[in-house]
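Each remark here refers to the structure printed beneath this line.
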Amino acid sequence: MKIRTLLIDDEALARTLVQNFIKADPDFEVVGEAADGFEAMKLITELKPDLIFLDIQMPKLTGLELLELLPEPPIVVFSTAYDQYAIEAFEKNAVDYLLKPFSRDRFSKALSKIKEKIEAKVDTKEEIKNLLSAPLHPEKPLERIVIKDGSKIEMVPFQDITYLETYGDYVWIYTEKGKFLKQKTMKEFELLLPSTFLRVHRSFLVNITCIQKLELYEKNSYQLLLKNGVRVGVSKSGYKELKETLGW
């Protein structure tokens with residue numbers, strides 16, 4: 001049975017190159033191509049491929065953002081021009097990748113590795129989850145959060161976020177336009193969001209630009225009053241962080 005493969009890259013020449021390389025191996029069959037993340041998500045839902053070759057840097061929706069929206073991602077081989085720091089993240093999490101530009105020989109090795117994983121019935125979901133929780137560019141903080149809200153995809157710029165609150169294995173993201181639920185840990189958001197966000201409590205991560213004032217709630221207990229009128233609990237460690245960060 002052939003390994004059903006979907007090619008996802010915004011560059012037509014890049015898709016053609018992979019198409020030509022993959023034809024040399026009879027164990028693989030290309031079932032479709034997508035030029036952006038939105039088109040890819042539609043095709044993955046419809047075609048349910050076993051494998052995707054995924055470019056990371058794409059317009060509209062990046063490859064990593066696409067993966068975040070997939071509840072059951074297929075096996076993934078990343079096609080990337082990322083720097084060495086990102087490559088180390090791929091290798092650490094045992095995720096297959098092709099560094100652009102890549103040769104036919106390097107591509108063949110990737111196909112062999114995929115077949116080995118399929119034969120060994122390796123579950124790659126944990127590898128992808130670990131990669132998505134790692135900041136691939138520490139000097140480039142997250143600029144937005146992509147959320148699937150029913151059939152809609154919401155792009156939420158980080159500056160629009162007021163605060164985040166833990167909710168089991170999920171996190172509520174509060175904005176002036178409403179709140180959104182994302183399956184991610186607060187620790188992951190701490191790593192991904194810029195320094196304008198501060199963990200003030202085990203359950204809360206706050207955009208410091210949205211703080212109005214710090215209030216005494218009970219003896220040795222404090223709350224933050226946000227500019228939208230919401231009050232957020234502050235732990236002892238959070239109080240210490242606030243004093244050090246904001247000079248209070």
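Every chain in the structure tokens has a letter given in the order shown (A, B, ...), and although residue numbers restart at 1 in each chain, ligands are simply numbered from 1 in the order shown.
Contact shell of stretch 166-170 of chain A at 7 Å (only C-alpha atoms; same-chain neighbours under 3 positions omitted): Leu181, Lys182, Gln183, Lys184, Thr185, Met186, Ser203 and Phe204 of chain A.
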If we count only C-alpha atoms, what is near A:Asn130 at a cut-off of 10 Å, once residues fewer than 4 positions away on the same chain are taken out, given as a VMD selection string? chain A and resid 89 to 90 92 to 95 125 to 126 134 188
Prev. selection, N, CA, C and O atoms, output as a PDB file, in the first residue's frame:
ATOM      1  N   ALA A  89      16.446  22.416  17.189  1.00  0.00           N
ATOM      2  CA  ALA A  89      15.143  22.092  17.784  1.00  0.00           C
ATOM      3  C   ALA A  89      14.507  20.906  17.069  1.00  0.00           C
ATOM      4  O   ALA A  89      13.915  20.027  17.703  1.00  0.00           O
ATOM      5  N   PHE A  90      14.618  20.868  15.730  1.00  0.00           N
ATOM      6  CA  PHE A  90      14.089  19.730  14.971  1.00  0.00           C
ATOM      7  C   PHE A  90      14.791  18.440  15.401  1.00  0.00           C
ATOM      8  O   PHE A  90      14.151  17.419  15.651  1.00  0.00           O
ATOM      9  N   LYS A  92      16.505  17.753  18.148  1.00  0.00           N
ATOM     10  CA  LYS A  92      16.252  17.413  19.543  1.00  0.00           C
ATOM     11  C   LYS A  92      14.931  16.660  19.692  1.00  0.00           C
ATOM     12  O   LYS A  92      14.801  15.763  20.525  1.00  0.00           O
ATOM     13  N   ASN A  93      13.954  17.033  18.883  1.00  0.00           N
ATOM     14  CA  ASN A  93      12.632  16.406  18.981  1.00  0.00           C
ATOM     15  C   ASN A  93      12.426  15.297  17.958  1.00  0.00           C
ATOM     16  O   ASN A  93      11.301  14.826  17.758  1.00  0.00           O
ATOM     17  N   ALA A  94      13.501  14.868  17.295  1.00  0.00           N
ATOM     18  CA  ALA A  94      13.479  13.753  16.345  1.00  0.00           C
ATOM     19  C   ALA A  94      12.512  13.985  15.185  1.00  0.00           C
ATOM     20  O   ALA A  94      11.937  13.053  14.643  1.00  0.00           O
ATOM     21  N   VAL A  95      12.314  15.239  14.839  1.00  0.00           N
ATOM     22  CA  VAL A  95      11.417  15.575  13.726  1.00  0.00           C
ATOM     23  C   VAL A  95      12.233  15.618  12.435  1.00  0.00           C
ATOM     24  O   VAL A  95      13.325  16.175  12.390  1.00  0.00           O
ATOM     25  N   LYS A 125       3.278  12.048  16.981  1.00  0.00           N
ATOM     26  CA  LYS A 125       2.499  13.176  17.515  1.00  0.00           C
ATOM     27  C   LYS A 125       3.229  13.880  18.656  1.00  0.00           C
ATOM     28  O   LYS A 125       3.200  15.106  18.764  1.00  0.00           O
ATOM     29  N   GLU A 126       3.888  13.096  19.524  1.00  0.00           N
ATOM     30  CA  GLU A 126       4.593  13.696  20.662  1.00  0.00           C
ATOM     31  C   GLU A 126       5.787  14.514  20.181  1.00  0.00           C
ATOM     32  O   GLU A 126       6.092  15.570  20.753  1.00  0.00           O
ATOM     33  N   ALA A 134       8.486  24.647  21.536  1.00  0.00           N
ATOM     34  CA  ALA A 134       9.829  25.240  21.616  1.00  0.00           C
ATOM     35  C   ALA A 134       9.904  26.497  20.761  1.00  0.00           C
ATOM     36  O   ALA A 134       9.495  26.490  19.603  1.00  0.00           O
ATOM     37  N   GLU A 188       4.163  26.825  28.185  1.00  0.00           N
ATOM     38  CA  GLU A 188       4.468  27.001  26.762  1.00  0.00           C
ATOM     39  C   GLU A 188       4.246  28.444  26.340  1.00  0.00           C
ATOM     40  O   GLU A 188       5.049  29.017  25.594  1.00  0.00           O
TER      41      GLU A 188
END
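Nearest-residue note for A:Lys23: choosing from A:Arg104, A:Lys48, A:Phe180, A:Ala40, the minimum distance belongs to A:Arg104, counting only C-alpha atoms.
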Work out how far apart atom CA of A:Lys113 and atom CA of A:Leu17 are and give it in Å to one decimal.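 Between atom CA of A:Lys113 and atom CA of A:Leu17 the gap is 19.2 Å.
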Residue nearest A:Lys109 - candidates A:Glu190, A:Asp160, A:Asp123, A:Asp96, atoms counted: only C-alpha atoms: A:Asp96
Might you pull out every residue within 12 Å of A:Tyr239, with only C-alpha atoms counted and same-chain residues fewer than 2 positions away left off, and present them as a PDB file with all heavy atoms, in the first residue's frame?
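Now in selection_23.pdb:
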ATOM      1  N   LEU A 198       3.696  38.758  31.900  1.00  0.00           N
ATOM      2  CA  LEU A 198       4.293  38.390  33.179  1.00  0.00           C
ATOM      3  C   LEU A 198       3.405  37.373  33.897  1.00  0.00           C
ATOM      4  O   LEU A 198       2.186  37.549  33.985  1.00  0.00           O
ATOM      5  CB  LEU A 198       4.454  39.644  34.041  1.00  0.00           C
ATOM      6  CG  LEU A 198       5.376  39.561  35.244  1.00  0.00           C
ATOM      7  CD1 LEU A 198       6.815  39.304  34.800  1.00  0.00           C
ATOM      8  CD2 LEU A 198       5.318  40.862  36.033  1.00  0.00           C
ATOM      9  N   ARG A 199       4.022  36.310  34.406  1.00  0.00           N
ATOM     10  CA  ARG A 199       3.303  35.301  35.183  1.00  0.00           C
ATOM     11  C   ARG A 199       3.126  35.835  36.598  1.00  0.00           C
ATOM     12  O   ARG A 199       4.063  35.861  37.392  1.00  0.00           O
ATOM     13  CB  ARG A 199       4.108  33.994  35.183  1.00  0.00           C
ATOM     14  CG  ARG A 199       3.388  32.788  35.810  1.00  0.00           C
ATOM     15  CD  ARG A 199       2.348  32.223  34.866  1.00  0.00           C
ATOM     16  NE  ARG A 199       1.749  31.007  35.369  1.00  0.00           N
ATOM     17  CZ  ARG A 199       2.177  29.784  35.054  1.00  0.00           C
ATOM     18  NH1 ARG A 199       3.223  29.613  34.257  1.00  0.00           N
ATOM     19  NH2 ARG A 199       1.553  28.716  35.507  1.00  0.00           N
ATOM     20  N   VAL A 200       1.923  36.287  36.924  1.00  0.00           N
ATOM     21  CA  VAL A 200       1.670  36.892  38.224  1.00  0.00           C
ATOM     22  C   VAL A 200       1.065  35.905  39.219  1.00  0.00           C
ATOM     23  O   VAL A 200       0.927  36.198  40.399  1.00  0.00           O
ATOM     24  CB  VAL A 200       0.750  38.135  38.098  1.00  0.00           C
ATOM     25  CG1 VAL A 200       1.405  39.195  37.229  1.00  0.00           C
ATOM     26  CG2 VAL A 200      -0.624  37.751  37.553  1.00  0.00           C
ATOM     27  N   HIS A 201       0.684  34.732  38.689  1.00  0.00           N
ATOM     28  CA  HIS A 201       0.024  33.720  39.508  1.00  0.00           C
ATOM     29  C   HIS A 201       0.134  32.403  38.761  1.00  0.00           C
ATOM     30  O   HIS A 201       0.329  32.396  37.545  1.00  0.00           O
ATOM     31  CB  HIS A 201      -1.451  34.121  39.722  1.00  0.00           C
ATOM     32  CG  HIS A 201      -2.190  33.274  40.710  1.00  0.00           C
ATOM     33  ND1 HIS A 201      -2.724  32.044  40.373  1.00  0.00           N
ATOM     34  CD2 HIS A 201      -2.497  33.483  42.020  1.00  0.00           C
ATOM     35  CE1 HIS A 201      -3.338  31.534  41.434  1.00  0.00           C
ATOM     36  NE2 HIS A 201      -3.204  32.385  42.447  1.00  0.00           N
ATOM     37  N   ARG A 202       0.025  31.307  39.483  1.00  0.00           N
ATOM     38  CA  ARG A 202       0.054  29.998  38.815  1.00  0.00           C
ATOM     39  C   ARG A 202      -0.980  29.902  37.701  1.00  0.00           C
ATOM     40  O   ARG A 202      -0.766  29.241  36.685  1.00  0.00           O
ATOM     41  CB  ARG A 202      -0.195  28.898  39.861  1.00  0.00           C
ATOM     42  CG  ARG A 202      -0.139  27.479  39.325  1.00  0.00           C
ATOM     43  CD  ARG A 202      -0.226  26.491  40.474  1.00  0.00           C
ATOM     44  NE  ARG A 202      -1.420  26.707  41.286  1.00  0.00           N
ATOM     45  CZ  ARG A 202      -2.616  26.189  41.003  1.00  0.00           C
ATOM     46  NH1 ARG A 202      -2.787  25.451  39.913  1.00  0.00           N
ATOM     47  NH2 ARG A 202      -3.641  26.419  41.789  1.00  0.00           N
ATOM     48  N   LEU A 214      -2.057  47.960  41.223  1.00  0.00           N
ATOM     49  CA  LEU A 214      -1.976  46.822  42.137  1.00  0.00           C
ATOM     50  C   LEU A 214      -2.735  47.186  43.400  1.00  0.00           C
ATOM     51  O   LEU A 214      -2.530  48.256  43.977  1.00  0.00           O
ATOM     52  CB  LEU A 214      -0.512  46.512  42.453  1.00  0.00           C
ATOM     53  CG  LEU A 214      -0.223  45.313  43.354  1.00  0.00           C
ATOM     54  CD1 LEU A 214      -0.601  44.012  42.666  1.00  0.00           C
ATOM     55  CD2 LEU A 214       1.262  45.295  43.736  1.00  0.00           C
ATOM     56  N   GLU A 215      -3.628  46.304  43.839  1.00  0.00           N
ATOM     57  CA  GLU A 215      -4.464  46.594  45.003  1.00  0.00           C
ATOM     58  C   GLU A 215      -4.229  45.585  46.117  1.00  0.00           C
ATOM     59  O   GLU A 215      -4.036  44.394  45.853  1.00  0.00           O
ATOM     60  CB  GLU A 215      -5.947  46.550  44.625  1.00  0.00           C
ATOM     61  CG  GLU A 215      -6.380  47.590  43.608  1.00  0.00           C
ATOM     62  CD  GLU A 215      -7.860  47.483  43.285  1.00  0.00           C
ATOM     63  OE1 GLU A 215      -8.394  46.350  43.295  1.00  0.00           O
ATOM     64  OE2 GLU A 215      -8.467  48.525  43.016  1.00  0.00           O
ATOM     65  N   LEU A 216      -4.260  46.062  47.356  1.00  0.00           N
ATOM     66  CA  LEU A 216      -4.203  45.164  48.510  1.00  0.00           C
ATOM     67  C   LEU A 216      -5.582  44.522  48.666  1.00  0.00           C
ATOM     68  O   LEU A 216      -6.596  45.209  48.782  1.00  0.00           O
ATOM     69  CB  LEU A 216      -3.830  45.949  49.772  1.00  0.00           C
ATOM     70  CG  LEU A 216      -3.655  45.123  51.042  1.00  0.00           C
ATOM     71  CD1 LEU A 216      -2.481  44.162  50.908  1.00  0.00           C
ATOM     72  CD2 LEU A 216      -3.456  46.049  52.247  1.00  0.00           C
ATOM     73  N   ASN A 220      -1.330  40.924  53.270  1.00  0.00           N
ATOM     74  CA  ASN A 220      -0.264  40.287  52.487  1.00  0.00           C
ATOM     75  C   ASN A 220      -0.789  39.580  51.238  1.00  0.00           C
ATOM     76  O   ASN A 220      -0.183  38.633  50.737  1.00  0.00           O
ATOM     77  CB  ASN A 220       0.525  39.275  53.333  1.00  0.00           C
ATOM     78  CG  ASN A 220       1.230  39.933  54.491  1.00  0.00           C
ATOM     79  OD1 ASN A 220       1.744  41.043  54.359  1.00  0.00           O
ATOM     80  ND2 ASN A 220       1.253  39.264  55.640  1.00  0.00           N
ATOM     81  N   SER A 221      -1.941  40.023  50.732  1.00  0.00           N
ATOM     82  CA  SER A 221      -2.528  39.437  49.531  1.00  0.00           C
ATOM     83  C   SER A 221      -2.918  40.557  48.567  1.00  0.00           C
ATOM     84  O   SER A 221      -3.519  41.552  48.980  1.00  0.00           O
ATOM     85  CB  SER A 221      -3.767  38.605  49.888  1.00  0.00           C
ATOM     86  OG  SER A 221      -4.339  38.053  48.729  1.00  0.00           O
ATOM     87  N   TYR A 222      -2.579  40.381  47.288  1.00  0.00           N
ATOM     88  CA  TYR A 222      -2.791  41.450  46.316  1.00  0.00           C
ATOM     89  C   TYR A 222      -3.579  40.970  45.091  1.00  0.00           C
ATOM     90  O   TYR A 222      -3.640  39.776  44.784  1.00  0.00           O
ATOM     91  CB  TYR A 222      -1.452  42.017  45.839  1.00  0.00           C
ATOM     92  CG  TYR A 222      -0.705  42.787  46.898  1.00  0.00           C
ATOM     93  CD1 TYR A 222       0.155  42.130  47.782  1.00  0.00           C
ATOM     94  CD2 TYR A 222      -0.854  44.163  47.021  1.00  0.00           C
ATOM     95  CE1 TYR A 222       0.840  42.830  48.757  1.00  0.00           C
ATOM     96  CE2 TYR A 222      -0.169  44.870  47.995  1.00  0.00           C
ATOM     97  CZ  TYR A 222       0.669  44.205  48.865  1.00  0.00           C
ATOM     98  OH  TYR A 222       1.336  44.907  49.837  1.00  0.00           O
ATOM     99  N   GLN A 223      -4.168  41.944  44.421  1.00  0.00           N
ATOM    100  CA  GLN A 223      -4.842  41.730  43.146  1.00  0.00           C
ATOM    101  C   GLN A 223      -4.386  42.796  42.159  1.00  0.00           C
ATOM    102  O   GLN A 223      -4.040  43.912  42.560  1.00  0.00           O
ATOM    103  CB  GLN A 223      -6.366  41.846  43.288  1.00  0.00           C
ATOM    104  CG  GLN A 223      -7.042  40.683  43.943  1.00  0.00           C
ATOM    105  CD  GLN A 223      -8.560  40.849  43.925  1.00  0.00           C
ATOM    106  OE1 GLN A 223      -9.083  41.960  43.825  1.00  0.00           O
ATOM    107  NE2 GLN A 223      -9.273  39.745  44.017  1.00  0.00           N
ATOM    108  N   LEU A 224      -4.416  42.441  40.886  1.00  0.00           N
ATOM    109  CA  LEU A 224      -4.179  43.431  39.837  1.00  0.00           C
ATOM    110  C   LEU A 224      -5.515  43.908  39.312  1.00  0.00           C
ATOM    111  O   LEU A 224      -6.400  43.099  39.009  1.00  0.00           O
ATOM    112  CB  LEU A 224      -3.380  42.817  38.684  1.00  0.00           C
ATOM    113  CG  LEU A 224      -1.866  42.719  38.827  1.00  0.00           C
ATOM    114  CD1 LEU A 224      -1.283  42.029  37.596  1.00  0.00           C
ATOM    115  CD2 LEU A 224      -1.228  44.088  39.003  1.00  0.00           C
ATOM    116  N   VAL A 232      -7.324  40.352  38.785  1.00  0.00           N
ATOM    117  CA  VAL A 232      -6.573  39.112  38.642  1.00  0.00           C
ATOM    118  C   VAL A 232      -5.753  38.885  39.899  1.00  0.00           C
ATOM    119  O   VAL A 232      -5.096  39.806  40.402  1.00  0.00           O
ATOM    120  CB  VAL A 232      -5.637  39.189  37.410  1.00  0.00           C
ATOM    121  CG1 VAL A 232      -4.714  37.993  37.355  1.00  0.00           C
ATOM    122  CG2 VAL A 232      -6.452  39.266  36.128  1.00  0.00           C
ATOM    123  N   GLY A 233      -5.792  37.656  40.419  1.00  0.00           N
ATOM    124  CA  GLY A 233      -5.039  37.320  41.623  1.00  0.00           C
ATOM    125  C   GLY A 233      -3.535  37.370  41.403  1.00  0.00           C
ATOM    126  O   GLY A 233      -3.047  37.090  40.308  1.00  0.00           O
ATOM    127  N   VAL A 234      -2.820  37.736  42.449  1.00  0.00           N
ATOM    128  CA  VAL A 234      -1.359  37.820  42.396  1.00  0.00           C
ATOM    129  C   VAL A 234      -0.777  36.943  43.506  1.00  0.00           C
ATOM    130  O   VAL A 234      -1.143  37.091  44.680  1.00  0.00           O
ATOM    131  CB  VAL A 234      -0.880  39.280  42.581  1.00  0.00           C
ATOM    132  CG1 VAL A 234       0.645  39.341  42.611  1.00  0.00           C
ATOM    133  CG2 VAL A 234      -1.433  40.171  41.475  1.00  0.00           C
ATOM    134  N   SER A 235       0.121  36.044  43.172  1.00  0.00           N
ATOM    135  CA  SER A 235       0.780  35.193  44.155  1.00  0.00           C
ATOM    136  C   SER A 235       1.978  35.935  44.763  1.00  0.00           C
ATOM    137  O   SER A 235       2.346  37.017  44.300  1.00  0.00           O
ATOM    138  CB  SER A 235       1.255  33.894  43.501  1.00  0.00           C
ATOM    139  OG  SER A 235       2.266  34.176  42.536  1.00  0.00           O
ATOM    140  N   LYS A 236       2.607  35.338  45.765  1.00  0.00           N
ATOM    141  CA  LYS A 236       3.781  35.963  46.385  1.00  0.00           C
ATOM    142  C   LYS A 236       4.922  36.097  45.378  1.00  0.00           C
ATOM    143  O   LYS A 236       5.585  37.130  45.301  1.00  0.00           O
ATOM    144  CB  LYS A 236       4.242  35.142  47.591  1.00  0.00           C
ATOM    145  CG  LYS A 236       3.319  35.254  48.793  1.00  0.00           C
ATOM    146  CD  LYS A 236       3.858  34.471  49.974  1.00  0.00           C
ATOM    147  CE  LYS A 236       2.929  34.620  51.181  1.00  0.00           C
ATOM    148  NZ  LYS A 236       3.427  33.815  52.343  1.00  0.00           N
ATOM    149  N   SER A 237       5.132  35.041  44.599  1.00  0.00           N
ATOM    150  CA  SER A 237       6.192  35.101  43.579  1.00  0.00           C
ATOM    151  C   SER A 237       5.817  36.080  42.479  1.00  0.00           C
ATOM    152  O   SER A 237       6.672  36.787  41.934  1.00  0.00           O
ATOM    153  CB  SER A 237       6.453  33.707  42.997  1.00  0.00           C
ATOM    154  OG  SER A 237       5.291  33.186  42.385  1.00  0.00           O
ATOM    155  N   GLU A 241       7.818  39.412  41.176  1.00  0.00           N
ATOM    156  CA  GLU A 241       8.100  39.646  39.758  1.00  0.00           C
ATOM    157  C   GLU A 241       7.620  41.030  39.331  1.00  0.00           C
ATOM    158  O   GLU A 241       8.309  41.757  38.600  1.00  0.00           O
ATOM    159  CB  GLU A 241       7.434  38.578  38.884  1.00  0.00           C
ATOM    160  CG  GLU A 241       8.092  37.212  38.934  1.00  0.00           C
ATOM    161  CD  GLU A 241       9.359  37.161  38.106  1.00  0.00           C
ATOM    162  OE1 GLU A 241       9.540  38.012  37.224  1.00  0.00           O
ATOM    163  OE2 GLU A 241      10.183  36.265  38.362  1.00  0.00           O
ATOM    164  N   LEU A 242       6.420  41.404  39.794  1.00  0.00           N
ATOM    165  CA  LEU A 242       5.863  42.718  39.448  1.00  0.00           C
ATOM    166  C   LEU A 242       6.745  43.844  39.975  1.00  0.00           C
ATOM    167  O   LEU A 242       7.017  44.822  39.278  1.00  0.00           O
ATOM    168  CB  LEU A 242       4.447  42.843  40.027  1.00  0.00           C
ATOM    169  CG  LEU A 242       3.330  42.145  39.267  1.00  0.00           C
ATOM    170  CD1 LEU A 242       2.079  42.042  40.126  1.00  0.00           C
ATOM    171  CD2 LEU A 242       3.019  42.878  37.961  1.00  0.00           C
ATOM    172  N   LYS A 243       7.202  43.716  41.233  1.00  0.00           N
ATOM    173  CA  LYS A 243       8.034  44.753  41.824  1.00  0.00           C
ATOM    174  C   LYS A 243       9.351  44.893  41.078  1.00  0.00           C
ATOM    175  O   LYS A 243       9.821  46.005  40.805  1.00  0.00           O
ATOM    176  CB  LYS A 243       8.300  44.406  43.302  1.00  0.00           C
ATOM    177  CG  LYS A 243       7.095  44.607  44.205  1.00  0.00           C
ATOM    178  CD  LYS A 243       7.449  44.401  45.665  1.00  0.00           C
ATOM    179  CE  LYS A 243       8.330  45.526  46.170  1.00  0.00           C
ATOM    180  NZ  LYS A 243       8.607  45.402  47.624  1.00  0.00           N
ATOM    181  N   GLU A 244       9.934  43.742  40.698  1.00  0.00           N
ATOM    182  CA  GLU A 244      11.221  43.780  40.001  1.00  0.00           C
ATOM    183  C   GLU A 244      11.081  44.301  38.585  1.00  0.00           C
ATOM    184  O   GLU A 244      11.924  45.048  38.107  1.00  0.00           O
ATOM    185  CB  GLU A 244      11.836  42.369  40.001  1.00  0.00           C
ATOM    186  CG  GLU A 244      12.304  41.894  41.362  1.00  0.00           C
ATOM    187  CD  GLU A 244      12.833  40.467  41.335  1.00  0.00           C
ATOM    188  OE1 GLU A 244      12.775  39.828  40.247  1.00  0.00           O
ATOM    189  OE2 GLU A 244      13.290  39.986  42.385  1.00  0.00           O
ATOM    190  N   THR A 245       9.994  43.899  37.904  1.00  0.00           N
ATOM    191  CA  THR A 245       9.808  44.269  36.499  1.00  0.00           C
ATOM    192  C   THR A 245       9.334  45.711  36.350  1.00  0.00           C
ATOM    193  O   THR A 245       9.818  46.444  35.471  1.00  0.00           O
ATOM    194  CB  THR A 245       8.787  43.327  35.821  1.00  0.00           C
ATOM    195  OG1 THR A 245       9.240  41.974  35.971  1.00  0.00           O
ATOM    196  CG2 THR A 245       8.653  43.640  34.337  1.00  0.00           C
ATOM    197  N   LEU A 246       8.382  46.125  37.190  1.00  0.00           N
ATOM    198  CA  LEU A 246       7.764  47.442  37.029  1.00  0.00           C
ATOM    199  C   LEU A 246       8.318  48.473  38.013  1.00  0.00           C
ATOM    200  O   LEU A 246       7.926  49.646  37.962  1.00  0.00           O
ATOM    201  CB  LEU A 246       6.241  47.320  37.197  1.00  0.00           C
ATOM    202  CG  LEU A 246       5.554  46.368  36.212  1.00  0.00           C
ATOM    203  CD1 LEU A 246       4.056  46.302  36.498  1.00  0.00           C
ATOM    204  CD2 LEU A 246       5.795  46.815  34.779  1.00  0.00           C
ATOM    205  N   GLY A 247       9.191  48.035  38.891  1.00  0.00           N
ATOM    206  CA  GLY A 247       9.804  48.983  39.845  1.00  0.00           C
ATOM    207  C   GLY A 247       8.854  49.461  40.908  1.00  0.00           C
ATOM    208  O   GLY A 247       8.992  50.585  41.410  1.00  0.00           O
ATOM    209  N   TRP A 248       7.874  48.642  41.285  1.00  0.00           N
ATOM    210  CA  TRP A 248       6.897  49.048  42.321  1.00  0.00           C
ATOM    211  C   TRP A 248       7.451  48.783  43.708  1.00  0.00           C
ATOM    212  O   TRP A 248       8.243  47.927  43.940  1.00  0.00           O
ATOM    213  CB  TRP A 248       5.579  48.281  42.129  1.00  0.00           C
ATOM    214  CG  TRP A 248       4.835  48.716  40.905  1.00  0.00           C
ATOM    215  CD1 TRP A 248       5.130  49.778  40.090  1.00  0.00           C
ATOM    216  CD2 TRP A 248       3.700  48.080  40.339  1.00  0.00           C
ATOM    217  NE1 TRP A 248       4.229  49.861  39.060  1.00  0.00           N
ATOM    218  CE2 TRP A 248       3.320  48.822  39.173  1.00  0.00           C
ATOM    219  CE3 TRP A 248       2.921  46.977  40.662  1.00  0.00           C
ATOM    220  CZ2 TRP A 248       2.257  48.490  38.365  1.00  0.00           C
ATOM    221  CZ3 TRP A 248       1.845  46.628  39.878  1.00  0.00           C
ATOM    222  CH2 TRP A 248       1.517  47.395  38.738  1.00  0.00           C
TER     223      TRP A 248
END
From a DSSP pass on the backbone, collect the residues of stretch 28-202 of chain A flagged as strand (DSSP E or B) and hand them back as number ranges by chain. A: 28-34, 51-55, 75-80, 96-99, 144-149, 152-157, 161-167, 170-175, 178-182, 197-201
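Within 9 Å of A:Lys129, once only C-alpha atoms are used and residues closer than 4 positions along the same chain are dropped, the contacting residues are Leu67, Glu68, Thr124, Lys125 and Ser133 of chain A.
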Distance of atom CA of A:Lys177 from atom CA of A:Ile211, expressed in Å to one decimal place: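 Value for the atom CA of A:Ile211-atom CA of A:Lys177 distance: 17.5 Å.
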